[in-house]
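Undergrad: Take a look at model_10.txt, compact mmCIF, C-alpha atoms:
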# COMPACT_ATOMS: atom_id res chain seq x y z
CA MET A 1 0.00 0.00 0.00
CA LYS A 2 1.36 3.40 -1.03
CA LYS A 3 2.23 5.64 1.87
CA PRO A 4 0.11 8.84 1.83
CA ASN A 5 2.01 12.08 1.21
CA LYS A 6 1.25 15.78 1.15
CA ASN A 7 -0.72 16.88 -1.96
CA ASP A 8 -2.02 13.35 -2.63
CA ILE A 9 -5.64 13.20 -3.81
CA TYR A 10 -8.14 10.72 -2.34
CA THR A 11 -11.85 10.10 -2.73
CA LEU A 12 -13.31 9.63 0.74
CA ARG A 13 -16.66 9.23 2.47
CA VAL A 14 -17.01 11.51 5.52
CA HIS A 15 -18.47 9.85 8.61
CA GLY A 16 -18.33 12.51 11.31
CA TYR A 17 -16.80 15.72 12.63
CA GLY A 18 -13.69 16.72 14.53
CA SER A 19 -13.80 19.23 17.38
CA ASP A 20 -12.91 22.05 14.98
CA GLY A 21 -15.81 21.28 12.64
CA SER A 22 -13.69 19.49 10.05
CA GLY A 23 -15.12 16.37 8.47
CA VAL A 24 -13.52 13.09 9.59
CA SER A 25 -12.73 10.10 7.41
CA HIS A 26 -9.96 7.48 7.10
CA LEU A 27 -7.24 6.97 4.54
CA PRO A 28 -6.73 3.51 3.00
CA ASP A 29 -3.97 2.77 5.53
CA GLY A 30 -6.44 3.37 8.38
CA ARG A 31 -5.18 6.70 9.72
CA ALA A 32 -7.83 9.33 10.50
CA VAL A 33 -7.93 12.40 8.28
CA PHE A 34 -9.54 15.73 9.19
CA ILE A 35 -11.01 17.43 6.11
CA LYS A 36 -11.62 21.17 6.20
CA GLY A 37 -14.93 22.08 4.57
CA ALA A 38 -16.39 18.55 4.46
CA LEU A 39 -19.76 17.57 5.91
CA ARG A 40 -20.89 14.32 7.42
CA ASP A 41 -22.01 11.64 4.90
CA GLU A 42 -20.53 13.50 1.92
CA LEU A 43 -18.35 11.85 -0.71
CA CYS A 44 -15.46 14.21 -1.41
CA GLU A 45 -12.31 14.41 -3.43
CA VAL A 46 -9.74 15.70 -0.94
CA LYS A 47 -6.17 16.96 -1.09
CA LEU A 48 -3.79 16.14 1.75
CA LEU A 49 -2.27 19.21 3.42
CA LYS A 50 -0.23 17.48 6.11
CA VAL A 51 0.51 13.86 6.95
CA GLY A 52 1.55 12.85 10.46
CA LYS A 53 2.43 9.49 11.93
CA THR A 54 -1.12 8.64 12.93
CA LEU A 55 -3.24 11.52 11.60
CA ALA A 56 -3.61 13.54 8.42
CA TRP A 57 -5.20 16.84 7.45
CA ALA A 58 -6.82 17.71 4.15
CA LYS A 59 -9.12 20.13 2.36
CA VAL A 60 -12.02 19.49 -0.01
CA SER A 61 -11.05 19.71 -3.67
CA LYS A 62 -14.46 18.66 -5.01
CA VAL A 63 -17.75 17.57 -3.45
CA LEU A 64 -18.90 14.50 -5.37
CA GLU A 65 -22.02 13.75 -3.31
CA ALA A 66 -23.20 16.75 -1.29
CA SER A 67 -25.00 16.58 2.03
CA PRO A 68 -28.50 18.10 2.08
CA ASP A 69 -27.17 20.22 4.95
CA ARG A 70 -24.54 21.92 2.78
CA ILE A 71 -25.42 25.59 2.10
CA GLU A 72 -23.82 28.47 0.26
CA SER A 73 -22.06 30.89 2.59
CA ASP A 74 -23.68 34.33 2.76
CA CYS A 75 -20.41 36.01 3.77
CA PRO A 76 -17.90 37.19 1.13
CA TYR A 77 -15.01 36.71 3.57
CA TYR A 78 -15.76 33.07 4.37
CA PRO A 79 -13.82 30.83 4.81
CA GLN A 80 -10.70 33.02 4.54
CA CYS A 81 -11.67 34.93 7.70
CA GLY A 82 -11.14 32.85 10.82
CA GLY A 83 -14.09 34.30 12.73
CA CYS A 84 -16.66 31.74 11.57
CA GLN A 85 -16.08 28.07 10.83
CA LEU A 86 -19.57 26.74 10.05
CA ARG A 87 -21.19 29.01 7.47
CA HIS A 88 -21.23 26.15 4.93
CA LEU A 89 -23.69 23.96 6.84
CA SER A 90 -27.31 24.35 7.92
CA TYR A 91 -28.04 25.58 11.42
CA GLU A 92 -29.76 22.28 12.23
CA GLU A 93 -26.60 20.37 11.35
CA GLU A 94 -24.51 22.88 13.31
CA LEU A 95 -26.57 22.20 16.43
CA SER A 96 -26.22 18.45 15.90
CA PHE A 97 -22.43 18.82 15.57
CA LYS A 98 -22.20 20.87 18.77
CA LEU A 99 -24.34 18.52 20.82
CA GLU A 100 -22.29 15.56 19.59
CA ARG A 101 -19.06 17.43 20.32
CA VAL A 102 -20.02 17.80 23.99
CA GLN A 103 -21.26 14.21 24.17
CA GLU A 104 -18.09 12.82 22.60
CA SER A 105 -15.88 14.85 24.96
CA LEU A 106 -17.71 13.46 27.97
CA ARG A 107 -17.28 9.92 26.68
CA ARG A 108 -13.75 10.08 25.28
CA ILE A 109 -12.03 12.46 27.73
CA GLY A 110 -14.18 12.08 30.82
CA GLY A 111 -15.05 8.40 30.51
CA LEU A 112 -18.60 9.38 31.47
CA SER A 113 -21.86 7.81 30.37
CA ALA A 114 -23.93 10.94 31.07
CA THR A 115 -26.14 12.03 28.18
CA VAL A 116 -26.34 15.59 26.87
CA SER A 117 -30.09 16.00 27.15
CA THR A 118 -30.53 19.02 24.88
CA ILE A 119 -28.93 21.94 23.11
CA HIS A 120 -30.62 25.32 23.43
CA ALA A 121 -30.74 26.79 19.94
CA ALA A 122 -30.33 30.50 19.28
CA LYS A 123 -33.34 32.35 17.90
CA GLU A 124 -30.98 34.77 16.15
CA THR A 125 -27.86 33.48 14.43
CA GLU A 126 -26.70 36.85 13.07
CA ARG A 127 -25.79 40.27 14.55
CA TYR A 128 -25.68 38.76 18.04
CA ARG A 129 -22.19 39.72 19.23
CA ASN A 130 -22.05 42.52 21.79
CA LYS A 131 -18.25 42.70 21.94
CA ILE A 132 -16.04 43.13 18.90
CA GLN A 133 -12.25 43.20 18.69
CA PHE A 134 -10.74 44.29 15.37
CA PRO A 135 -6.94 43.99 15.03
CA VAL A 136 -5.44 46.66 12.78
CA SER A 137 -2.55 46.39 10.31
CA GLY A 138 -1.33 47.74 6.95
CA ASP A 139 -0.30 51.36 6.47
CA SER A 140 -1.90 54.78 6.94
CA GLN A 141 -3.22 54.89 3.38
CA SER A 142 -4.58 51.35 3.37
CA PRO A 143 -5.24 50.23 6.93
CA ASN A 144 -6.70 46.76 7.43
CA ILE A 145 -9.36 46.69 10.15
CA GLY A 146 -10.87 43.25 10.38
CA PHE A 147 -10.08 39.72 11.49
CA TYR A 148 -7.20 37.30 11.33
CA ARG A 149 -7.12 34.91 8.45
CA ALA A 150 -7.65 31.39 9.74
CA ARG A 151 -4.53 30.01 11.48
CA SER A 152 -2.47 33.15 10.82
CA HIS A 153 -1.91 36.73 11.92
CA ASP A 154 -2.69 38.13 8.48
CA ILE A 155 -5.56 40.59 8.90
CA ILE A 156 -8.42 40.55 6.41
CA ASP A 157 -10.01 43.97 5.93
CA VAL A 158 -13.68 43.30 6.76
CA GLU A 159 -16.19 46.01 5.87
CA ASP A 160 -19.03 44.21 7.61
CA CYS A 161 -19.41 41.07 9.70
CA LEU A 162 -22.74 39.29 9.87
CA LEU A 163 -22.18 38.42 13.53
CA GLN A 164 -21.89 42.08 14.58
CA PRO A 165 -24.41 44.90 15.09
CA VAL A 166 -24.64 47.41 12.25
CA ILE A 167 -23.34 50.22 14.48
CA VAL A 168 -19.95 48.52 14.53
CA ARG A 169 -19.75 48.72 10.74
CA GLU A 170 -20.32 52.49 10.91
CA LEU A 171 -17.67 53.03 13.60
CA ARG A 172 -15.11 50.96 11.71
CA LYS A 173 -15.74 52.87 8.48
CA LEU A 174 -15.28 56.28 10.13
CA ILE A 175 -12.12 55.24 12.00
CA LYS A 176 -10.58 53.88 8.82
CA SER A 177 -11.30 57.17 6.99
CA TRP A 178 -9.88 59.17 9.91
CA MET A 179 -6.68 57.13 9.82
CA GLN A 180 -6.31 57.70 6.07
CA ASP A 181 -7.11 61.41 6.22
CA ASN A 182 -4.67 62.07 9.07
CA GLN A 183 -1.87 59.64 8.16
CA ILE A 184 -2.34 57.62 11.35
CA LYS A 185 -0.24 54.48 11.16
CA PRO A 186 -1.51 51.03 12.16
CA TYR A 187 0.52 48.97 14.60
CA ASN A 188 3.03 46.47 13.24
CA GLU A 189 3.42 43.56 15.65
CA THR A 190 6.78 42.57 14.11
CA THR A 191 8.52 45.96 14.33
CA HIS A 192 6.48 47.23 17.29
CA LYS A 193 5.99 50.48 15.35
CA GLY A 194 2.78 52.28 14.50
CA LEU A 195 -0.04 53.55 16.70
CA ILE A 196 -3.45 51.86 16.29
CA ARG A 197 -3.45 48.27 17.55
CA HIS A 198 -7.14 47.38 17.92
CA LEU A 199 -10.63 48.75 17.56
CA TYR A 200 -12.70 47.44 20.45
CA VAL A 201 -16.47 47.96 20.68
CA ARG A 202 -19.12 46.99 23.21
CA VAL A 203 -22.83 47.15 22.30
CA ASN A 204 -25.90 46.73 24.52
CA HIS A 205 -29.44 45.55 23.79
CA LYS A 206 -30.52 49.13 22.97
CA ASN A 207 -27.81 49.29 20.27
CA GLU A 208 -25.78 51.76 22.29
CA ALA A 209 -22.02 51.42 21.94
CA LEU A 210 -18.74 52.12 23.69
CA CYS A 211 -15.82 52.58 21.30
CA VAL A 212 -12.26 51.94 22.47
CA LEU A 213 -9.10 52.55 20.42
CA VAL A 214 -6.12 50.55 21.66
CA ILE A 215 -2.95 52.51 20.94
CA ASN A 216 0.77 51.88 21.07
CA GLY A 217 1.56 55.27 22.61
CA LYS A 218 0.73 57.83 25.27
CA ARG A 219 -1.35 60.20 23.15
CA LEU A 220 -3.65 60.17 20.16
CA PRO A 221 -2.96 62.81 17.48
CA LYS A 222 -5.99 64.44 15.84
CA ALA A 223 -8.19 63.15 18.66
CA ASP A 224 -10.62 66.05 18.31
CA SER A 225 -11.30 65.27 14.65
CA LEU A 226 -11.88 61.60 15.52
CA ILE A 227 -14.35 62.54 18.25
CA GLU A 228 -16.24 64.90 15.94
CA SER A 229 -16.47 62.18 13.32
CA LEU A 230 -17.62 59.40 15.64
CA LYS A 231 -20.16 61.60 17.43
CA THR A 232 -22.28 61.45 14.29
CA VAL A 233 -22.98 57.74 14.87
CA ASP A 234 -26.40 57.30 16.42
CA GLY A 235 -26.13 55.24 19.60
CA LEU A 236 -22.48 55.93 20.44
CA VAL A 237 -22.29 56.84 24.14
CA GLY A 238 -18.55 56.96 24.79
CA ILE A 239 -15.05 56.92 23.31
CA SER A 240 -12.02 55.69 25.24
CA LEU A 241 -8.32 55.13 24.66
CA SER A 242 -6.55 52.04 25.96
CA TYR A 243 -2.80 52.53 26.28
CA HIS A 244 -0.95 49.35 25.33
CA MET A 245 2.79 49.65 24.66
CA GLU A 246 3.85 46.15 25.64
CA LYS A 247 4.87 43.38 23.25
CA SER A 248 1.98 41.02 23.93
CA ASN A 249 -1.12 39.64 22.25
CA VAL A 250 -3.44 40.90 25.00
CA VAL A 251 -5.99 43.22 23.39
CA LEU A 252 -6.52 45.92 26.02
CA GLY A 253 -3.77 47.81 27.80
CA LYS A 254 -3.55 48.16 31.57
CA LYS A 255 -4.85 51.74 31.52
CA THR A 256 -7.99 52.96 29.75
CA GLN A 257 -9.11 56.60 29.64
CA CYS A 258 -12.43 58.00 28.49
CA ILE A 259 -11.95 60.95 26.09
CA TRP A 260 -15.61 61.61 25.28
CA GLY A 261 -18.97 60.64 26.73
CA ASP A 262 -19.38 57.73 29.13
CA ALA A 263 -16.69 55.31 30.31
CA HIS A 264 -19.23 52.56 30.98
CA LEU A 265 -22.15 50.92 29.23
CA SER A 266 -25.24 49.52 30.93
CA ASP A 267 -27.13 46.43 29.82
CA THR A 268 -29.95 44.30 31.18
CA LEU A 269 -29.67 40.56 31.75
CA CYS A 270 -31.87 38.15 33.71
CA GLY A 271 -34.07 41.06 34.80
CA MET A 272 -31.13 43.03 36.24
CA GLU A 273 -29.06 45.97 35.09
CA PHE A 274 -25.31 45.59 34.72
CA MET A 275 -22.65 48.24 34.35
CA LEU A 276 -19.88 47.23 31.92
CA SER A 277 -16.41 48.66 31.68
CA PRO A 278 -14.29 47.91 28.60
CA ALA A 279 -12.37 45.17 30.44
CA SER A 280 -15.42 43.50 32.04
CA PHE A 281 -16.08 39.87 31.18
CA TYR A 282 -19.59 39.65 29.75
CA GLN A 283 -20.91 36.93 27.50
CA VAL A 284 -21.05 38.07 23.87
CA ASN A 285 -24.58 36.80 23.16
CA ARG A 286 -27.01 38.45 25.56
CA ALA A 287 -30.15 36.55 24.53
CA GLN A 288 -28.53 33.13 24.83
CA THR A 289 -26.72 34.11 28.03
CA HIS A 290 -30.15 34.70 29.59
CA VAL A 291 -31.08 31.12 28.63
CA LEU A 292 -27.79 29.71 29.95
CA TYR A 293 -27.86 31.53 33.29
CA LYS A 294 -31.55 30.79 33.81
CA ARG A 295 -30.78 27.08 33.48
CA ALA A 296 -27.79 27.41 35.83
CA VAL A 297 -30.03 28.90 38.52
CA GLU A 298 -32.74 26.31 37.93
CA LEU A 299 -30.27 23.42 38.14
CA ALA A 300 -28.92 24.81 41.43
CA ASN A 301 -32.41 24.09 42.84
CA LEU A 302 -32.27 26.95 45.35
CA THR A 303 -34.97 27.23 48.03
CA GLY A 304 -33.81 30.41 49.79
CA ASN A 305 -31.89 28.63 52.54
CA GLU A 306 -28.61 27.95 50.75
CA THR A 307 -25.18 29.53 50.92
CA VAL A 308 -23.63 29.62 47.44
CA LEU A 309 -20.06 30.22 46.27
CA GLU A 310 -19.37 31.24 42.70
CA LEU A 311 -15.79 31.02 41.45
CA TYR A 312 -14.71 33.09 38.41
CA CYS A 313 -17.70 35.39 38.94
CA GLY A 314 -16.61 38.22 36.62
CA ILE A 315 -18.90 41.23 37.05
CA GLY A 316 -21.33 39.17 39.12
CA THR A 317 -23.90 38.15 36.53
CA ILE A 318 -24.50 34.58 37.73
CA THR A 319 -23.76 35.55 41.35
CA LEU A 320 -26.58 38.09 41.42
CA ALA A 321 -28.95 35.75 39.60
CA MET A 322 -28.27 33.08 42.24
CA ALA A 323 -28.67 35.66 45.04
CA GLN A 324 -32.31 36.19 44.14
CA LYS A 325 -33.02 32.55 45.04
CA ALA A 326 -30.44 31.82 47.79
CA LYS A 327 -29.87 32.87 51.40
CA SER A 328 -26.43 34.31 50.60
CA VAL A 329 -23.90 34.18 47.78
CA ILE A 330 -20.14 34.76 47.67
CA GLY A 331 -18.51 35.70 44.36
CA ALA A 332 -14.78 35.38 43.73
CA GLU A 333 -12.86 36.94 40.83
CA ILE A 334 -9.18 37.78 40.27
CA VAL A 335 -9.70 40.87 38.07
CA SER A 336 -10.06 43.87 40.38
CA SER A 337 -11.99 46.03 37.90
CA ALA A 338 -14.51 43.21 37.46
CA VAL A 339 -14.97 42.96 41.23
CA GLU A 340 -15.54 46.73 41.39
CA ASP A 341 -18.17 46.36 38.68
CA ALA A 342 -19.73 43.41 40.54
CA ILE A 343 -20.10 45.45 43.73
CA GLU A 344 -21.60 48.33 41.76
CA ASN A 345 -23.98 45.92 40.01
CA ALA A 346 -25.16 44.51 43.34
CA ASN A 347 -25.83 48.03 44.62
CA ARG A 348 -27.52 49.02 41.37
CA ASN A 349 -29.94 46.09 41.67
CA ASN A 350 -30.48 46.47 45.45
CA ILE A 351 -29.12 42.99 46.15
CA GLU A 352 -27.67 42.82 49.65
CA ASN A 353 -27.14 39.12 50.33
CA VAL A 354 -23.87 38.96 48.35
CA ARG A 355 -20.23 39.66 48.98
CA PHE A 356 -17.34 39.65 46.54
CA ILE A 357 -13.73 38.61 47.01
CA CYS A 358 -10.92 39.80 44.73
CA ALA A 359 -8.54 36.85 44.59
CA ASP A 360 -7.46 33.91 42.47
CA ALA A 361 -10.03 31.12 42.41
CA LYS A 362 -7.56 28.51 43.68
CA ASN A 363 -6.67 30.69 46.70
CA VAL A 364 -10.31 31.43 47.52
CA ALA A 365 -11.24 27.77 47.17
CA ALA A 366 -8.33 26.71 49.38
CA GLU A 367 -9.24 29.24 52.08
CA MET A 368 -12.94 28.41 52.00
CA ALA A 369 -12.09 24.70 52.31
CA GLN A 370 -10.33 25.47 55.60
CA THR A 371 -13.25 27.36 57.15
CA GLU A 372 -16.26 25.92 58.92
CA GLU A 373 -18.71 27.82 56.70
CA LYS A 374 -21.08 25.31 55.10
CA LEU A 375 -21.48 25.78 51.36
CA ASP A 376 -24.57 24.16 49.89
CA VAL A 377 -23.92 24.97 46.24
CA ILE A 378 -20.74 25.87 44.35
CA CYS A 379 -21.01 27.38 40.88
CA VAL A 380 -17.98 27.62 38.60
CA ASP A 381 -17.68 29.43 35.28
CA PRO A 382 -13.96 29.12 34.48
CA PRO A 383 -12.04 30.31 31.42
CA ARG A 384 -11.33 27.90 28.56
CA LYS A 385 -8.51 26.16 30.43
CA GLY A 386 -11.00 24.90 33.03
CA LEU A 387 -10.33 24.31 36.72
CA ALA A 388 -6.87 24.01 38.20
CA PRO A 389 -6.39 20.63 39.97
CA SER A 390 -6.08 22.49 43.28
CA VAL A 391 -9.51 24.07 42.74
CA VAL A 392 -11.05 20.64 42.13
CA GLU A 393 -9.35 19.37 45.29
CA SER A 394 -10.69 22.29 47.35
CA ILE A 395 -14.22 21.88 45.99
CA LEU A 396 -14.16 18.24 47.06
CA LYS A 397 -13.00 19.28 50.54
CA MET A 398 -15.85 21.80 50.81
CA ALA A 399 -18.25 18.98 49.87
CA PRO A 400 -21.22 21.01 48.64
CA GLU A 401 -24.48 19.17 47.96
CA ARG A 402 -24.55 20.48 44.40
CA ILE A 403 -22.05 21.84 41.89
CA VAL A 404 -23.16 23.82 38.85
CA TYR A 405 -20.45 23.94 36.19
CA VAL A 406 -20.79 26.43 33.32
CA SER A 407 -18.20 25.68 30.65
CA CYS A 408 -17.03 27.18 27.36
CA ASP A 409 -14.81 24.22 26.44
CA PRO A 410 -16.13 20.62 26.26
CA GLY A 411 -12.64 19.14 26.57
CA THR A 412 -11.63 20.77 29.84
CA LEU A 413 -15.16 20.33 31.16
CA ALA A 414 -14.94 16.56 30.60
CA ARG A 415 -11.52 16.42 32.23
CA ASP A 416 -12.78 18.24 35.34
CA LEU A 417 -15.97 16.21 35.58
CA LYS A 418 -13.90 13.04 35.54
CA LEU A 419 -11.92 14.28 38.56
CA LEU A 420 -15.05 15.30 40.45
CA CYS A 421 -16.79 12.01 39.72
CA GLU A 422 -13.81 9.98 40.93
CA SER A 423 -14.86 11.19 44.37
CA ASP A 424 -18.36 11.29 45.86
CA TYR A 425 -20.10 13.06 42.99
CA GLU A 426 -22.07 12.12 39.90
CA VAL A 427 -23.30 14.01 36.87
CA GLN A 428 -27.06 14.51 36.92
CA THR A 429 -27.80 16.87 34.02
CA VAL A 430 -25.85 18.08 31.00
CA GLU A 431 -27.24 20.70 28.62
CA ALA A 432 -25.51 22.52 25.78
CA CYS A 433 -26.34 26.09 24.84
CA ASP A 434 -25.45 27.75 21.54
CA LEU A 435 -24.03 31.16 22.42
CA PHE A 436 -21.85 31.33 19.30
CA PRO A 437 -23.85 30.50 16.15
CA ARG A 438 -21.82 29.85 12.98
CA THR A 439 -18.68 29.07 14.99
CA VAL A 440 -17.47 25.82 16.56
CA HIS A 441 -17.73 27.15 20.13
CA VAL A 442 -20.43 25.88 22.49
CA GLU A 443 -21.36 26.50 26.13
CA THR A 444 -22.45 23.77 28.50
CA VAL A 445 -24.15 23.80 31.90
CA VAL A 446 -23.86 20.75 34.15
CA LEU A 447 -25.39 19.75 37.48
CA ILE A 448 -23.18 17.53 39.62
CA THR A 449 -24.61 16.16 42.87
CA LYS A 450 -23.12 14.48 45.90
CA VAL A 451 -23.72 10.73 46.08
CA ASN A 452 -25.60 9.34 49.10
CA GLN A 453 -26.41 12.71 50.63
Could you write out this file's structure as structure tokens?
TA:
Amino acid sequence: MKKPNKNDIYTLRVHGYGSDGSGVSHLPDGRAVFIKGALRDELCEVKLLKVGKTLAWAKVSKVLEASPDRIESDCPYYPQCGGCQLRHLSYEEELSFKLERVQESLRRIGGLSATVSTIHAAKETERYRNKIQFPVSGDSQSPNIGFYRARSHDIIDVEDCLLQPVIVRELRKLIKSWMQDNQIKPYNETTHKGLIRHLYVRVNHKNEALCVLVINGKRLPKADSLIESLKTVDGLVGISLSYHMEKSNVVLGKKTQCIWGDAHLSDTLCGMEFMLSPASFYQVNRAQTHVLYKRAVELANLTGNETVLELYCGIGTITLAMAQKAKSVIGAEIVSSAVEDAIENANRNNIENVRFICADAKNVAAEMAQTEEKLDVICVDPPRKGLAPSVVESILKMAPERIVYVSCDPGTLARDLKLLCESDYEVQTVEACDLFPRTVHVETVVLITKVNQ
């Protein structure tokens, strides 16, 4: 049998999906191949891009038998832009892929037999993002303000994105014209020269926006002309500068200054009002976040007598939602500005049975595990990397009756559930929630209960 090599052409039947949305098949020698752009059950002519010892990667050269779920992309930048990965398949098939992705992670990584009972579909699959981060490159005459090409740092100049509110398109257009008119240079991440690094925008449910320019410098030339230009955009409530002169891929700098209008943006979620600063963590899909957090509170099964701890609480969204049903809630978050926002949000919503701690989750968990305070429910909403082993260990020492785990990564979720279930816990409910339509990302909410309570 001929050994497969890069650029070889094969005709293959696709039988499933990888975690990145690629179709999965097998080469004649048995090794799995991940095929970019292929759908389940399709017969495709594919070209090998890379061949490893046990795996291979390919792209579709020709679809010989198309899936009924294959659709034409409605975005002129797809698939070159790396923002979306699933605009070539129907939304029904996208939901099926995401549910199966969570289920397969639980089985393969976690060794769990728990079933993902449902996936909560989004009513709106376009214009849902309330936070947008445009990297900037090029030169002052032809700045690129858009998104990274898939698997690269080449920036595609994107006039409009179907995931973003229309107001963002208007702000981007005016900033690009201002840069050209005033010879304002984009940042070059190789030379560390140039001024404008990112355009960062937050939008609320009323289509009001905060606009932040991230700059590689201490001042913004021609700031007055920029302000006068952007003020014409209906719904813009504030303009800020974020000073970022370090050689890093972090978007916002350590200092942000409002130069016009408001420094914060308010939004409503789960019947409460939240104040957002540029650096605040806030889920990008408000409508679906309401669904996700509502289920998290329901799964916690609060009666009004419980003490709840939420780790990685951000600006207190889930914490305050839990507080309306619990006796008391403690929220822990390492980002000081987020904790300040959380305290303000509690005051704004007249919620008094909460307190917030500014500290690393592993330190808070370790300290709480040493106290005699009884915690009935622990809620965690960690970043993509999941829980540190020490956090899992401390949660087990605290021995709450119920754990509610909100996850943005099925792989790390499955890993952590395996550790929890090796002790006195079992998974009761798993539900997926589509916060990121047209992308491969999926949120999950899980109820874990103590065995033999």
Undergrad: Which residue, A:Asn347, A:Ser423, A:Ser140, A:Ser394, has the smallest gap to Ala369 of chain A when you use only C-alpha atoms?
TA: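 Result for the nearest residue to Ala369 of chain A: A:Ser394.
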Undergrad: Using all atoms listed in the file, which residues sit within 12 Å of Ala66 of chain A once same-chain residues fewer than 5 positions away are excluded, as a short mmCIF file (atom, residue, chain, number, x, y, z; two decimals) with C-alpha atoms, in the frame of the given file?
TA:
data_model
loop_
_atom_site.label_atom_id
_atom_site.label_comp_id
_atom_site.auth_asym_id
_atom_site.auth_seq_id
_atom_site.Cartn_x
_atom_site.Cartn_y
_atom_site.Cartn_z
CA ARG A 13 -16.66 9.23 2.47
CA VAL A 14 -17.01 11.51 5.52
CA GLY A 37 -14.93 22.08 4.57
CA ALA A 38 -16.39 18.55 4.46
CA LEU A 39 -19.76 17.57 5.91
CA ARG A 40 -20.89 14.32 7.42
CA ASP A 41 -22.01 11.64 4.90
CA GLU A 42 -20.53 13.50 1.92
CA LEU A 43 -18.35 11.85 -0.71
CA CYS A 44 -15.46 14.21 -1.41
CA GLU A 45 -12.31 14.41 -3.43
CA VAL A 60 -12.02 19.49 -0.01
CA ILE A 71 -25.42 25.59 2.10
CA GLU A 72 -23.82 28.47 0.26
CA HIS A 88 -21.23 26.15 4.93
CA LEU A 89 -23.69 23.96 6.84
#
Undergrad: Tell me which protein, DNA and RNA residues are within 6 Å of Asp157 of chain A, counting all atoms listed in the file, leaving out same-chain ones fewer than 3 positions away, and put them as a PDB file with C-alpha atoms, in the frame of the given file.
TA:
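Contents of out_25.pdb, freshly written:
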ATOM      1  CA  ASN A 144      -6.700  46.760   7.430  1.00  0.00           C
ATOM      2  CA  ILE A 145      -9.360  46.690  10.150  1.00  0.00           C
ATOM      3  CA  GLY A 146     -10.870  43.250  10.380  1.00  0.00           C
TER       4      GLY A 146
END
Undergrad: My list of candidates is A:Arg415, A:Lys362, A:Lys53, A:Lys47. Which is closest to Gly30 of chain A when distances are computed with all atoms listed in the file?
TA: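 Between A:Arg415, A:Lys362, A:Lys53, A:Lys47, the residue approaching Gly30 of chain A most closely is A:Lys53.
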Undergrad: Would you mind telling me which residue in A:Gly331, A:Gly304, A:Pro135, A:Pro79 lies nearest to Gly316 of chain A when using all atoms listed in the file?
TA: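 Under the stated criterion, the closest residue is A:Gly331.
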Undergrad: Return the single residue from A:Ile156, A:Ile175, A:Cys270, A:Leu163 that is closest to Phe436 of chain A, with distances computed using all atoms listed in the file.
TA: A:Leu163
Undergrad: With all atoms of segment 246-252 of chain A from the file as input, state the centre and edge lengths in Å to one decimal of the axis-aligned box that has 6 Å extra on each side, as AutoDock Vina command-line options.
TA:
--center_x -0.8 --center_y 42.9 --center_z 24.1 --size_x 23.4 --size_y 18.5 --size_z 15.8
Undergrad: Would you mind listing what lies within 10 Å of Leu220 of chain A as a ChimeraX atom specification, with all atoms listed in the file counted and same-chain residues fewer than 4 positions away left out?
TA: /A:184,195-196,213,215-216,224,226,241,243
Undergrad: Tell me which protein, DNA and RNA residues are within 10 Å of Gly21 of chain A, counting all atoms listed in the file, leaving out same-chain ones fewer than 6 positions away, and put them as an mmCIF file with C-alpha atoms, keeping the file's coordinate frame.
TA:
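Written out: part.cif:
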data_model
loop_
_atom_site.group_PDB
_atom_site.id
_atom_site.type_symbol
_atom_site.label_atom_id
_atom_site.label_comp_id
_atom_site.auth_asym_id
_atom_site.auth_seq_id
_atom_site.Cartn_x
_atom_site.Cartn_y
_atom_site.Cartn_z
ATOM 1 C CA PHE A 34 -9.540 15.730 9.190
ATOM 2 C CA ILE A 35 -11.010 17.430 6.110
ATOM 3 C CA LYS A 36 -11.620 21.170 6.200
ATOM 4 C CA GLY A 37 -14.930 22.080 4.570
ATOM 5 C CA ALA A 38 -16.390 18.550 4.460
ATOM 6 C CA LEU A 39 -19.760 17.570 5.910
ATOM 7 C CA GLN A 85 -16.080 28.070 10.830
ATOM 8 C CA LEU A 86 -19.570 26.740 10.050
ATOM 9 C CA GLU A 94 -24.510 22.880 13.310
ATOM 10 C CA PHE A 97 -22.430 18.820 15.570
ATOM 11 C CA LYS A 98 -22.200 20.870 18.770
ATOM 12 C CA ARG A 101 -19.060 17.430 20.320
ATOM 13 C CA THR A 439 -18.680 29.070 14.990
ATOM 14 C CA VAL A 440 -17.470 25.820 16.560
ATOM 15 C CA HIS A 441 -17.730 27.150 20.130
#
Undergrad: If we count all atoms listed in the file and set the cut-off at 10 Å, which residues sit around Arg31 of chain A, ignoring sequence neighbours fewer than 6 positions away in its own chain? Please answer as a ChimeraX atom specification.
TA: /A:4,25,51-56
Undergrad: Would you work out the distance separating atom CA of Gln183 of chain A from atom CA of Ser225 of chain A, expressed in Å to one decimal?
TA: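 One can read the atom CA of Gln183 of chain A to atom CA of Ser225 of chain A distance as 12.8 Å.
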Undergrad: Here is a test: counting only C-alpha atoms, which residue of A:Ile132, A:Ser96, A:Lys3, A:Val237 is nearest to Thr118 of chain A?
TA: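 Comparing A:Ile132, A:Ser96, A:Lys3, A:Val237 against Thr118 of chain A, the winner is A:Ser96.
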Undergrad: How many Å separate atom CA of Tyr128 of chain A from atom CA of Gln164 of chain A?
TA: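 Between atom CA of Tyr128 of chain A and atom CA of Gln164 of chain A the gap works out to 6.1 Å.
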Undergrad: What does the structure give for the distance between atom CA of Pro437 of chain A and atom CA of Ile109 of chain A, in Å to one decimal?
TA: 24.5 Å
Undergrad: What residues have an atom no more than 9 Å from (-34.1, 27.8, 43.5) in the file's own frame, counting all atoms listed in the file, and can you write them as a list in words?
TA: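 The requested residues, written out, are Val297, Glu298, Leu299, Ala300, Asn301, Leu302, Thr303, Gly304, Met322, Gln324, Lys325 and Ala326 of chain A.
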